[in-house]
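> Handing you this structure, nothing more for now.
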Amino acid sequence: MAIAVEGACKRFDDFQALDNVSIDVPEGSLTALLGPSGSGKSTLLRAIAGLETLDAGQVTINGEDATAKPAQKREVGFVFQHYAAFKHMTVFGNVAFGLKIRKWSKPQIEARVHELLRLVQLDGLAERYPDQLSGGQRQRMALARALAVEPQVLLLDEPFGALDAKVRKDLRTWLRRLHDEMHVTTIFVTHDQEEAMDVAEQLVVMNQGRVEQSGSADDLYDHPANEFVMSFVGEVNRLGEHFVRPHDMQVVLEADERTEEAMVQRIVALGFEIRVEFVLGDGTEVWAQLTRAELQKLELIEGQIVYLRPGQAKSFSGDSSASGGDGASTPHRFDGEDDAEVTAAA
Amino acid sequence: MSSPTPAKWGLRTLAFGYLGLLLLAPVAMIFYKTFEHGIAPPFEAMTSPDAVHAIWLTLLMVAIAVPLNTVFGVGCALLLVRHKWKGNAIIDGIINLPFAVSPVVIGLSLFLLYGNDGWFGPTLAEWGFEVLFSTPGMVLASVFVSLPFVVRETVPVLQEIGTEQEQAASTLGANAWQTFWRVTLPAIRWGVAYGIVLTTARVLGEFGAVTIVSGSISGETETLPLFVAKAFEQFDEQAAYAGAIVLALLALTTLLLMSIGGRRTKAGASGPIPIAGDAAISTSDTKEGS
């Protein structure tokens with residue numbers, strides 16, 4: 001394991017940012033720490049970098065206990081959400097910073113900086129100052145600066161959070177490719193599940209200072225450990241004790257013992273996808289994701305009474321008697337959702 | 001800018017008139033009076049042994065008090081902003097003391113502390129160390145009155161730049177010392193520079209506290225402001241005006257040196273200074289790469 005965190009705890013005044021968190025990050029992997037704001041994901045990343053000291057727990061980087069090491073000795077590359085560019089230095093000066101600290105010779109620095117600027121496609125902007133760059137360029141400069149010193153691990157804290165949607169999408173594709181070329185163990189923090197699934201091989205879902213689950217994007221989507229993960233990684237409907245993804249919600253026109261009566265409330269066409277919103281007898285609002293063809297076949301209109309059959313319903317309560325969709329549905333029950341320690345597959 | 005209305009013209013005239021009457025006119029009068037009979041009389045007045053000594057002593061005060069207060073001020077600002085602690089509020093209050101207390105009171109307090117009947121005076125005298133009526137006392141007074149400027153100018157700039165750049169430096173392998181010199185100080189240099197200018201101006205012009213602790217002995221413990229006051233009392237108007245002009249020129253020189261020095265740090269070894277306006281223009285046409 002390139003990075004291992006064991007039982008990390010961190011408290012800020014009356015806020016428990018990390019509550020006994022353990023993660024393992026395999027060598028050369030690209031891992032996303034995913035969670036809502038305040039879930040402790042940034043604190044965990046900063047603790048790995050040495051920018052935050054843990055109240056308890058251990059951080060191991062490449063087999064070496066780094067818990068007591070200051071940030072400057074951990075040899076991690078860190079990229080901040082707001083770039084943290086050295087404003088009084090040129091792009092060249094920024095990227096050369098770590099090399100100057102390591103007392104590289106001038107020609108060596110020159111060669112290395114230009115190599116990196118080519119890598120992040122900023123060649124030719126070496127003499128610019130950060131305030132003459134766009135946000136995306138600044139973030140690529142920050143990435144080059146972090147990579148210049150050949151860090152053992154690369155840590156990115158919401159690296160695309162301050163950029164607009166288009167640039168964000170381009171940059172994450174680019175980051176993915178960069179990682180494929182460099183193979184440096186990378187952890188990045190995001191609150192955007194789409195971004196995490198797009199970029200990372202392994203996801204660690206965090207909530208309220210704990211790890212809820214970790215695994216591949218498919219693992220988390222198909223076998224969520226609990227309600228939180230299920231609703232955070234993708235859309236979800238709640239039907240009593242059951243959770244159903246909108247695309248697993250089957251709409252039928254005739255009732256049987258596994259269906260529930262519902263009224264079509266609203267039909268929204270989103271291109272190829274159709275979002276149909278329903279109200280159940282008890283007032284619960286749910287929605288189904290249909291294709292255009294499915295909708296045409298059903299000939300649904302607003303106000304119509306139809307029947308919903310939840311396929312692939314999941315229950316996390318452990319109470320099987322509440323199951324309303326037995327038979328057709330395949331309820332997965334997961335034990336130990338409190339178990340914060342989930343070891344990811346390599 | 002929109003076209004000026006009569007109201008705007010009225011306000012401008014008022015502002016100009018106010019400044020002119022209160023600031024410009026007196027200073028202009030001094031200039032006029034000094035050079036009324038050419039450059040020779042003021043030159044003569046300023047080359048008398050007492051005047052030369054006063055200038056030298058004033059510069060000595062600046063040379064000691066300004067570096068002391070700069071180092072202390074930057075250190076103190078770092079402590080206040082970067083190391084949150086309950087005692088900070090108390091330190092913050094104490095630093096404002098020189099602003100709150102009249103220089104004369106500061107002089108008197110030093111007198112009480114270091115005088116023959118003071119707390120430290122007798123002990124120091126035993127060791128053969130004279131504080132009052134000599135340079136050490138004057139340095140103490142100058143440091144006291146000019147202490148808050150660098151702190152007050154540096155604290156907001158430190159708060160403004162935040163800690164991310166410093167954290168980035170540390171992840172890149174820089175220790176605290178390297179981070180300070182390479183990242184923090186360049187980022188706060190304008191605040192520090194302005195603090196230094198204000199400190200220097202304050203030390204140059206200090207009168208109240210220094211009068212009391214120095215005894216104002218001509219040719220020995222007389223700084224330029226004391227020299228000017230004494231000359232004025234003795235109806236040597238030529239010397240008084242000329243001294244005042246020298247004081248003003250010294251302050252102007254500081255301002256000039258700081259702005260030149262500040263510019264040089266910015267440019268460093270890596271090209272021209274980007275001007276905020278230019279940057280905005282060049283960014284707008286820089287296309288986003290992917």
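Residue numbers start at 1 in each chain; chains themselves are named A, B, ... in the order of the structure tokens; ligands are numbered from 1 in the order shown.
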Distance cut-off 8 Å, counting only C-alpha atoms - which residues of chain A neighbour chain B? Return them as a VMD selection string.
chain A and resid 49 51 71 to 80 84 to 90 93 97 to 98 101 to 102 121 127 129 131 to 134 136 to 137 146 149 167 170 to 171 174
> Quick one: pick out all helix (DSSP H, G or I) residues within region 30-272 of chain B from a backbone DSSP run and write them as a PyMOL selection string.
chain B and resi 30-34+40-46+49-82+88-95+97-100+103-114+121-126+135-146+148-161+164-171+176-205+208-214+224-233+237-267
> Would you list the contacts of Val74 (chain B) as a PyMOL selection string, taking every protein, DNA or RNA residue within 8 Å and counting only C-alpha atoms, but skipping same-chain residues closer than 6 positions in sequence?
chain B and resi 150-151+154+192
> Each residue of region 197-274 of chain B lying at most 7 Å from region 96-111 of chain B should get a row with its shortest atom-to-atom pair and the distance in Å to one decimal, counting only C-alpha atoms; could you produce that, ordered by chain and increasing number, as CSV?

residue,atom,partner,partner_atom,distance
B:Gly208,CA,B:Val104,CA,4.8
B:Ala209,CA,B:Gly107,CA,3.9
B:Val210,CA,B:Gly107,CA,6.5
B:Ile212,CA,B:Gly107,CA,5.4
B:Val213,CA,B:Gly107,CA,5.9
> Write out as a list in words which residues come within 7 Å of Glu201 (chain A) when counting only C-alpha atoms, dropping same-chain ones fewer than 2 positions away.
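The residues satisfying every condition are Ser29, Leu30, Thr31, Val199, Leu203 and Ser216 of chain A.
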> Output C-alpha atoms for every residue in the selection just made, as an mmCIF file, in the first residue's frame.

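Written out: again36.cif:
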data_model
loop_
_atom_site.group_PDB
_atom_site.id
_atom_site.type_symbol
_atom_site.label_atom_id
_atom_site.label_comp_id
_atom_site.auth_asym_id
_atom_site.auth_seq_id
_atom_site.Cartn_x
_atom_site.Cartn_y
_atom_site.Cartn_z
ATOM 1 C CA SER A 29 -3.789 4.062 -8.114
ATOM 2 C CA LEU A 30 -6.053 7.031 -8.602
ATOM 3 C CA THR A 31 -8.384 7.293 -5.645
ATOM 4 C CA VAL A 199 -11.611 10.032 -12.956
ATOM 5 C CA LEU A 203 -13.711 5.707 -4.504
ATOM 6 C CA SER A 216 -14.779 0.740 -7.444
#
> Check the smallest atom-to-atom distance from each of B:Gly118, B:Pro67, B:Gly73, B:Pro42 to Ile245 (chain B) using only C-alpha atoms, then report the winner.
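Among B:Gly118, B:Pro67, B:Gly73, B:Pro42, it is B:Pro42 that comes nearest to Ile245 (chain B).
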> Quick one: residues within 10 Å of Val279 (chain A), only C-alpha atoms counted, chain neighbours fewer than 2 positions away excluded, as a list of chain:residue names?
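Counting only C-alpha atoms, the residues come to A:Glu261, A:Ala262, A:Met263, A:Val264, A:Gln265, A:Arg266, A:Glu277, A:Gly281, A:Asp282, A:Gly283, A:Thr284, A:Glu285, A:Val286, A:Trp287, A:Gly303, A:Ile305.
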> Could you pull the residues within 9 Å of Val236 (chain A), counting only C-alpha atoms, minus those fewer than 4 positions along the same chain, as number ranges by chain?
A: 230-232, 243-246, 286-287
> If you keep N, CA and C atoms, can you produce a file of those selected residues as a compact mmCIF listing (two decimals), in the first residue's frame?

# COMPACT_ATOMS: atom_id res chain seq x y z
N MET A 230 -25.89 4.80 -1.18
CA MET A 230 -26.81 4.62 -2.29
C MET A 230 -27.34 5.95 -2.81
N SER A 231 -27.68 6.84 -1.90
CA SER A 231 -28.25 8.10 -2.35
C SER A 231 -27.19 9.10 -2.78
N PHE A 232 -25.95 8.92 -2.28
CA PHE A 232 -24.91 9.87 -2.69
C PHE A 232 -24.32 9.49 -4.04
N PHE A 243 -35.06 1.04 -1.20
CA PHE A 243 -34.47 2.07 -2.03
C PHE A 243 -34.34 1.56 -3.44
N VAL A 244 -34.81 2.35 -4.38
CA VAL A 244 -34.80 1.91 -5.77
C VAL A 244 -34.21 3.01 -6.64
N ARG A 245 -33.35 2.63 -7.54
CA ARG A 245 -32.82 3.60 -8.48
C ARG A 245 -33.92 3.93 -9.50
N PRO A 246 -34.00 5.17 -9.96
CA PRO A 246 -35.08 5.56 -10.88
C PRO A 246 -35.10 4.71 -12.16
N VAL A 286 -42.07 9.86 -5.94
CA VAL A 286 -40.95 9.10 -6.50
C VAL A 286 -40.86 9.44 -7.98
N TRP A 287 -39.78 9.04 -8.59
CA TRP A 287 -39.68 9.25 -10.04
C TRP A 287 -39.00 8.08 -10.71
> Do you have the CA of Tyr194 (chain B)-CA of Phe72 (chain B) distance handy?
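Interatomic distance, CA of Tyr194 (chain B) to CA of Phe72 (chain B): 15.1 Å.
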> Write out as a ChimeraX atom specification the residues lying within 7 Å of Gly35 (chain A), counting only C-alpha atoms and excluding same-chain residues fewer than 3 positions away.
/A:39,41,190-191,205-207
> As a PyMOL selection string, list the residues of region 84-271 of chain A assigned to strand (DSSP E or B) by DSSP on the backbone atoms of this structure.
chain A and resi 153-157+185-190+202-207+210-215+237-239+242-244+249-252+260-270
> Interatomic distance between CA of Asp14 (chain A) and CA of Ile61 (chain A)?
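Separation of CA of Asp14 (chain A) and CA of Ile61 (chain A): 29.3 Å.
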